[in-house]
Amino acid sequence: MTSSRKFDTAAVHAGQTPDETTGAVIPPVHFSTTYAQDGIGGLRNGYEYGRAGNPTRTALETQLAALEGGARALSFASGLAAEDALLRGLLRPGDEVLLGNDVYGGTHRLLARVLGPWGVKLRVVDLSDPAAVDAALAERAPQIVWVETPSNPLLRITDIRALADKAHAAGSVVVVDNTFASPALQQPIALGADVVVHSTTKYLGGHSDVVGGALVFADAALAEQPQFLQFAAGAVSGPLDAWLTTRGIKTLAIRMERHSSNGQAVAGFLEGHDRVARVYYPGLASHPGHDIAAAQMTGFGGIVSVALGDAASARRFAESTHLFTLAESLGGVESLVNYPDEMTHASVRGTELAVPDDVVRLSVGIEHVDDLLADLDQALAAL
């Protein structure tokens with residue numbers, strides 16, 4: 001792919017050269033676990049064994065690197081597998097991660113309960129607060145600064161460029177979880193990030209039918225140890241998973257346009273409703289991170305979180321929708337409703353990352369907006 005091609009074009013064509021043998025426009029899925037060698041050590045295009053490499057996975061990794069503007073991408077069996085390989089590849093016992101205080105509960109669990117006993121240290125701070133960042137970096141420079149923006153589930157916005165400048169001055173590696181925005185709406189590497197993390201299960205796959213994760217690196221040298229762990233520990237994406245993710249990515253640009261327009265409409269409807277205490281959505285002018293989001297994103301996405309005032313109301317609302325399905329995850333074409341306190345973020349209850357128990361998270365899909373608003377209206381009427 002040439003650098004002059006636009007995002008929508010790269011999403012369709014990067015890594016998708018027609019099959020040389022048949023001319024098939026859609027490259028075949030390579031299910032083989034092993035590859036014939038032309039003499040001992042004579043590997044064809046570097047392929048030897050499925051864990052080490054697979055042409056379908058290679059095509060996805062090429063596609064991911066092109067979309068995020070990175071030098072190298074790695075595809076994994078899940079988002080947490082990707083995070084694990086990155087963290088174990090870059091850290092050693094005694095090293096520290098500075099983590100945002102509003103992130104996916106599974107990321108905190110991985111750091112606190114899996115890597116913590118191995119010796120990795122963890123500090124939590126509001127990375128959307130420049131003064132808090134300055135104080136944390138002045139106190140001690142971490143090996144990694146890890147941020148989600150927009151964050152999960154309170155949609156906090158962090159100025160990636162400003163954070164990267166400060167973290168790099170302290171000698172830290174900057175990791176941005178770009179799952180909520182997707183590369184269609186935000187390009188963290190162009191803003192100074194060293195590594196981008198994705199749960200490809202979400203918007204990249206986009207159809208709630210494949211689990212996966214990815215890392216994209218600004219510098220290929222930084223990928224060496226995580227790539228070794230991808231091979232040595234083996235949490236790779238299978239060929240069909242990789243192919244399904246690639247297929248989903250081809251429509252990412254147009255899907256994100258609809259997710260964003262529907263999300264904006266839902267947020268506006270909820271903000272004006274008398275049964276709603278607060279709406280979290282960076283597309284609203286009332287959102288404290290609106291101006292930064294408008295500067296570093298091309299759209300505001302499809303995640304809207306809403307506070308209903310008390311836990312009982314939040315639970316009743318989440319259990320009263322019809323079109324919004326009560327389920328974990330997000331980023332699919334269908335709309336979902338989630339109660340973070342007992343679902344996606346149950347593991348951070350009692351910590352400084354705990355989600356208020358009156359908050360419900362909506363993953364706004366691509367259905368007709370009138371139907372979505374009608375469903376929310378009837379659910380609110382049940383309170």
# chains A, B, ... in the order shown; residues from 1 in each chain; ligands from 1
>>> select_by_dssp(residues="region 172-272 of chain A", states="strand (DSSP E)", output="list of chain:residue names")
A:Val173, A:Val174, A:Val175, A:Val176, A:Asp177, A:Val195, A:Val196, A:Val197, A:His198, A:Ser199, A:Gly213, A:Ala214, A:Leu215, A:Val216, A:Phe217
>>> residues_around(residues="Asp241 (chain A)", least_positions_apart="3", cutoff="10 Å", atoms="only C-alpha atoms", output="list in words")
Val29, Thr56, Arg57, Leu60, Ser75, Phe76, Ala77, Thr201, Gly205, Asp209, Val210, Val211, Gly212, Val236, Ser237, Gly238, Leu244, Thr245, Thr246 and Arg247 of chain A
>>> write_last_selection(atoms="C-alpha atoms", output="compact mmCIF listing (two decimals), in the first residue's frame")
# COMPACT_ATOMS: atom_id res chain seq x y z
CA VAL A 29 -7.90 -19.13 4.20
CA THR A 56 -3.87 -15.56 6.59
CA ARG A 57 -2.56 -14.17 9.87
CA LEU A 60 -4.30 -9.49 8.84
CA SER A 75 -2.33 -10.75 15.86
CA PHE A 76 -3.36 -12.77 18.92
CA ALA A 77 -6.10 -15.09 20.11
CA THR A 201 -13.27 -8.75 18.99
CA GLY A 205 -14.18 -7.67 13.77
CA ASP A 209 -18.52 -13.61 15.91
CA VAL A 210 -14.75 -13.73 16.44
CA VAL A 211 -12.45 -13.20 19.45
CA GLY A 212 -9.04 -11.67 18.85
CA VAL A 236 -1.92 -16.75 18.16
CA SER A 237 -5.09 -16.11 16.21
CA GLY A 238 -6.24 -19.10 14.18
CA LEU A 244 -13.11 -13.15 9.84
CA THR A 245 -11.34 -10.17 11.40
CA THR A 246 -9.96 -9.12 8.03
CA ARG A 247 -13.43 -9.37 6.50
>>> closest_residue(among="A:Tyr49, A:Phe180, A:Phe317, A:Phe7", to="Gly331 (chain A)", atoms="only C-alpha atoms")
A:Phe180
>>> closest_atom_pairs(of="region 129-212 of chain A", to="region 354-377 of chain A", cutoff="12 Å", atoms="only C-alpha atoms", output="JSON lines")
{"residue": "A:Ser151", "atom": "CA", "partner": "A:Arg361", "partner_atom": "CA", "distance": 11.7}
{"residue": "A:Asn152", "atom": "CA", "partner": "A:Arg361", "partner_atom": "CA", "distance": 9.0}
{"residue": "A:Pro153", "atom": "CA", "partner": "A:Arg361", "partner_atom": "CA", "distance": 6.5}
{"residue": "A:Leu154", "atom": "CA", "partner": "A:Val355", "partner_atom": "CA", "distance": 8.1}
{"residue": "A:Leu155", "atom": "CA", "partner": "A:Arg361", "partner_atom": "CA", "distance": 10.0}
{"residue": "A:Phe180", "atom": "CA", "partner": "A:Ser363", "partner_atom": "CA", "distance": 9.9}
{"residue": "A:Lys202", "atom": "CA", "partner": "A:Ser363", "partner_atom": "CA", "distance": 10.1}
{"residue": "A:Tyr203", "atom": "CA", "partner": "A:Gly365", "partner_atom": "CA", "distance": 10.3}
{"residue": "A:Gly206", "atom": "CA", "partner": "A:Gly365", "partner_atom": "CA", "distance": 9.8}
{"residue": "A:His207", "atom": "CA", "partner": "A:Gly365", "partner_atom": "CA", "distance": 10.1}
{"residue": "A:Ser208", "atom": "CA", "partner": "A:Gly365", "partner_atom": "CA", "distance": 11.3}
>>> closest_residue(among="A:Pro150, A:Gly116, A:Gly332, A:Pro27", to="Gly100 (chain A)", atoms="only C-alpha atoms")
A:Pro150
>>> residues_around(residues="Ser128 (chain A)", least_positions_apart="3", cutoff="7 Å", atoms="only C-alpha atoms", output="MDAnalysis selection string")
chainID A and resid 156:158
>>> write_last_selection(atoms="N, CA and C atoms", output="PDB file, in the first residue's frame")
ATOM      1  N   ARG A 156     -13.579   8.820  29.474  1.00  0.00           N
ATOM      2  CA  ARG A 156     -12.643   9.916  29.718  1.00  0.00           C
ATOM      3  C   ARG A 156     -11.738  10.063  28.489  1.00  0.00           C
ATOM      4  N   ILE A 157     -11.326  11.280  28.230  1.00  0.00           N
ATOM      5  CA  ILE A 157     -10.489  11.593  27.074  1.00  0.00           C
ATOM      6  C   ILE A 157      -9.124  12.084  27.545  1.00  0.00           C
ATOM      7  N   THR A 158      -8.080  11.476  26.996  1.00  0.00           N
ATOM      8  CA  THR A 158      -6.707  11.885  27.291  1.00  0.00           C
ATOM      9  C   THR A 158      -6.080  12.470  26.030  1.00  0.00           C
TER      10      THR A 158
END
>>> select_by_dssp(residues="region 53-229 of chain A", states="helix (DSSP H, G or I)", output="PyMOL selection string")
chain A and resi 55-68+79-90+105-115+130-139+160-169+189-191+220-229
>>> residues_around(residues="region 134-144 of chain A", least_positions_apart="4", cutoff="12 Å", atoms="only C-alpha atoms", output="PDB file with C-alpha atoms, in the first residue's frame")
ATOM      1  CA  LEU A  86       3.320  -6.925  25.263  1.00  0.00           C
ATOM      2  CA  LEU A  87       3.715  -6.555  29.004  1.00  0.00           C
ATOM      3  CA  ARG A  88       5.886  -9.650  29.491  1.00  0.00           C
ATOM      4  CA  GLY A  89       7.903  -8.711  26.432  1.00  0.00           C
ATOM      5  CA  LEU A  90       8.700  -5.178  27.603  1.00  0.00           C
ATOM      6  CA  LEU A  91       8.788  -5.558  31.392  1.00  0.00           C
ATOM      7  CA  ARG A  92      10.863  -7.377  33.965  1.00  0.00           C
ATOM      8  CA  PRO A  93      10.178  -7.971  37.674  1.00  0.00           C
ATOM      9  CA  GLY A  94      10.464  -4.656  39.487  1.00  0.00           C
ATOM     10  CA  ASP A  95       9.315  -2.595  36.492  1.00  0.00           C
ATOM     11  CA  GLU A  96       6.215  -0.440  36.770  1.00  0.00           C
ATOM     12  CA  VAL A  97       3.132   0.418  34.732  1.00  0.00           C
ATOM     13  CA  LEU A  98       1.319   3.719  35.176  1.00  0.00           C
ATOM     14  CA  LEU A  99      -2.297   2.872  34.363  1.00  0.00           C
ATOM     15  CA  GLY A 100      -5.305   5.063  33.750  1.00  0.00           C
ATOM     16  CA  LEU A 111      -1.605  -6.457  35.801  1.00  0.00           C
ATOM     17  CA  VAL A 120       5.422  -5.998  38.031  1.00  0.00           C
ATOM     18  CA  LYS A 121       4.388  -2.886  39.936  1.00  0.00           C
ATOM     19  CA  LEU A 122       1.243  -0.915  39.239  1.00  0.00           C
ATOM     20  CA  ARG A 123       0.253   2.687  39.889  1.00  0.00           C
ATOM     21  CA  VAL A 124      -3.141   4.093  38.968  1.00  0.00           C
ATOM     22  CA  VAL A 125      -3.801   7.731  38.101  1.00  0.00           C
ATOM     23  CA  ASP A 126      -6.297   9.803  36.134  1.00  0.00           C
ATOM     24  CA  LEU A 127      -4.352  10.161  32.892  1.00  0.00           C
ATOM     25  CA  SER A 128      -6.909  12.636  31.551  1.00  0.00           C
ATOM     26  CA  ASP A 129      -5.745  15.078  34.262  1.00  0.00           C
ATOM     27  CA  PRO A 130      -2.493  16.799  33.144  1.00  0.00           C
ATOM     28  CA  ALA A 162       0.607  15.823  25.290  1.00  0.00           C
ATOM     29  CA  LEU A 163       0.801  12.602  27.299  1.00  0.00           C
ATOM     30  CA  ALA A 164       3.284  11.044  24.871  1.00  0.00           C
ATOM     31  CA  ASP A 165       5.562  14.086  25.013  1.00  0.00           C
ATOM     32  CA  LYS A 166       5.638  13.985  28.821  1.00  0.00           C
ATOM     33  CA  ALA A 167       6.059  10.225  29.049  1.00  0.00           C
ATOM     34  CA  HIS A 168       8.829  10.123  26.461  1.00  0.00           C
ATOM     35  CA  ALA A 169      10.676  12.886  28.301  1.00  0.00           C
ATOM     36  CA  ALA A 170      10.572  10.602  31.350  1.00  0.00           C
ATOM     37  CA  GLY A 171      11.841   7.643  29.301  1.00  0.00           C
ATOM     38  CA  SER A 172       8.539   5.714  29.318  1.00  0.00           C
ATOM     39  CA  VAL A 173       6.897   3.684  26.554  1.00  0.00           C
ATOM     40  CA  VAL A 174       3.395   4.916  25.713  1.00  0.00           C
ATOM     41  CA  VAL A 175       0.702   2.302  25.057  1.00  0.00           C
ATOM     42  CA  VAL A 176      -2.747   3.372  23.864  1.00  0.00           C
ATOM     43  CA  ALA A 193       2.099   6.561  20.872  1.00  0.00           C
ATOM     44  CA  ASP A 194       4.662   3.758  20.732  1.00  0.00           C
ATOM     45  CA  VAL A 195       2.212   0.851  20.769  1.00  0.00           C
TER      46      VAL A 195
END
>>> residues_around(residues="region 283-294 of chain A", least_positions_apart="5", cutoff="10 Å", atoms="only C-alpha atoms", output="NGL selection string")
:A and (128 or 149-150 or 155-160 or 186 or 260-261 or 263-265 or 267-268 or 271 or 299-301 or 304)
>>> atom_distance(atom1="CA of Thr9 (chain A)", atom2="CA of Lys250 (chain A)")
8.7 Å
>>> residues_around(residues="Asp274 (chain A)", least_positions_apart="6", cutoff="12 Å", atoms="only C-alpha atoms", output="number ranges by chain")
A: 307-309, 377, 380-381, 383
>>> atom_distance(atom1="CA of His198 (chain A)", atom2="CA of Ile303 (chain A)")
15.6 Å
>>> residues_around(residues="Arg72 (chain A)", least_positions_apart="2", cutoff="10 Å", atoms="only C-alpha atoms", output="PyMOL selection string")
chain A and resi 61-62+64-66+68-70+74+195+215-224+227
>>> write_last_selection(atoms="N, CA and C atoms", output="PDB file, in the first residue's frame")
ATOM      1  N   GLU A  61      -2.137  -9.025   9.815  1.00  0.00           N
ATOM      2  CA  GLU A  61      -1.142  -8.164  10.456  1.00  0.00           C
ATOM      3  C   GLU A  61      -0.702  -7.036   9.526  1.00  0.00           C
ATOM      4  N   THR A  62      -0.597  -7.324   8.238  1.00  0.00           N
ATOM      5  CA  THR A  62      -0.280  -6.285   7.259  1.00  0.00           C
ATOM      6  C   THR A  62      -1.380  -5.238   7.211  1.00  0.00           C
ATOM      7  N   LEU A  64      -3.579  -4.522   9.630  1.00  0.00           N
ATOM      8  CA  LEU A  64      -3.600  -3.765  10.884  1.00  0.00           C
ATOM      9  C   LEU A  64      -2.519  -2.693  10.922  1.00  0.00           C
ATOM     10  N   ALA A  65      -1.314  -3.051  10.500  1.00  0.00           N
ATOM     11  CA  ALA A  65      -0.219  -2.071  10.489  1.00  0.00           C
ATOM     12  C   ALA A  65      -0.545  -0.900   9.567  1.00  0.00           C
ATOM     13  N   ALA A  66      -1.138  -1.210   8.421  1.00  0.00           N
ATOM     14  CA  ALA A  66      -1.489  -0.138   7.478  1.00  0.00           C
ATOM     15  C   ALA A  66      -2.537   0.793   8.062  1.00  0.00           C
ATOM     16  N   GLU A  68      -3.241   1.481  11.243  1.00  0.00           N
ATOM     17  CA  GLU A  68      -2.778   2.277  12.379  1.00  0.00           C
ATOM     18  C   GLU A  68      -1.526   3.087  12.052  1.00  0.00           C
ATOM     19  N   GLY A  69      -1.015   2.950  10.839  1.00  0.00           N
ATOM     20  CA  GLY A  69       0.193   3.684  10.478  1.00  0.00           C
ATOM     21  C   GLY A  69       1.409   3.188  11.229  1.00  0.00           C
ATOM     22  N   GLY A  70       1.460   1.884  11.516  1.00  0.00           N
ATOM     23  CA  GLY A  70       2.558   1.298  12.263  1.00  0.00           C
ATOM     24  C   GLY A  70       3.563   0.580  11.389  1.00  0.00           C
ATOM     25  N   LEU A  74       1.006  -7.430  15.245  1.00  0.00           N
ATOM     26  CA  LEU A  74       0.938  -8.826  15.662  1.00  0.00           C
ATOM     27  C   LEU A  74      -0.505  -9.147  16.026  1.00  0.00           C
ATOM     28  N   VAL A 195       2.928   2.099  21.031  1.00  0.00           N
ATOM     29  CA  VAL A 195       2.212   0.851  20.769  1.00  0.00           C
ATOM     30  C   VAL A 195       0.715   1.108  20.854  1.00  0.00           C
ATOM     31  N   LEU A 215      -1.559  -6.027  18.483  1.00  0.00           N
ATOM     32  CA  LEU A 215      -0.607  -4.990  18.850  1.00  0.00           C
ATOM     33  C   LEU A 215      -0.085  -4.369  17.565  1.00  0.00           C
ATOM     34  N   VAL A 216       0.036  -3.050  17.555  1.00  0.00           N
ATOM     35  CA  VAL A 216       0.644  -2.354  16.421  1.00  0.00           C
ATOM     36  C   VAL A 216       1.743  -1.454  16.974  1.00  0.00           C
ATOM     37  N   PHE A 217       2.924  -1.518  16.364  1.00  0.00           N
ATOM     38  CA  PHE A 217       4.115  -0.839  16.886  1.00  0.00           C
ATOM     39  C   PHE A 217       4.558   0.277  15.940  1.00  0.00           C
ATOM     40  N   ALA A 218       4.896   1.417  16.519  1.00  0.00           N
ATOM     41  CA  ALA A 218       5.452   2.502  15.727  1.00  0.00           C
ATOM     42  C   ALA A 218       6.833   2.152  15.202  1.00  0.00           C
ATOM     43  N   ASP A 219       7.603   1.398  15.997  1.00  0.00           N
ATOM     44  CA  ASP A 219       8.965   0.998  15.656  1.00  0.00           C
ATOM     45  C   ASP A 219       9.038  -0.526  15.680  1.00  0.00           C
ATOM     46  N   ALA A 220       9.444  -1.131  14.584  1.00  0.00           N
ATOM     47  CA  ALA A 220       9.494  -2.589  14.497  1.00  0.00           C
ATOM     48  C   ALA A 220      10.425  -3.195  15.540  1.00  0.00           C
ATOM     49  N   ALA A 221      11.452  -2.450  15.964  1.00  0.00           N
ATOM     50  CA  ALA A 221      12.380  -2.987  16.959  1.00  0.00           C
ATOM     51  C   ALA A 221      11.676  -3.259  18.282  1.00  0.00           C
ATOM     52  N   LEU A 222      10.679  -2.439  18.618  1.00  0.00           N
ATOM     53  CA  LEU A 222       9.950  -2.620  19.870  1.00  0.00           C
ATOM     54  C   LEU A 222       9.087  -3.883  19.839  1.00  0.00           C
ATOM     55  N   ALA A 223       8.823  -4.389  18.646  1.00  0.00           N
ATOM     56  CA  ALA A 223       7.979  -5.578  18.500  1.00  0.00           C
ATOM     57  C   ALA A 223       8.741  -6.882  18.700  1.00  0.00           C
ATOM     58  N   GLU A 224      10.058  -6.835  18.789  1.00  0.00           N
ATOM     59  CA  GLU A 224      10.847  -8.070  18.762  1.00  0.00           C
ATOM     60  C   GLU A 224      10.505  -9.019  19.900  1.00  0.00           C
ATOM     61  N   GLN A 227       6.871 -10.275  19.763  1.00  0.00           N
ATOM     62  CA  GLN A 227       6.747 -11.236  18.668  1.00  0.00           C
ATOM     63  C   GLN A 227       7.339 -12.588  19.064  1.00  0.00           C
TER      64      GLN A 227
END
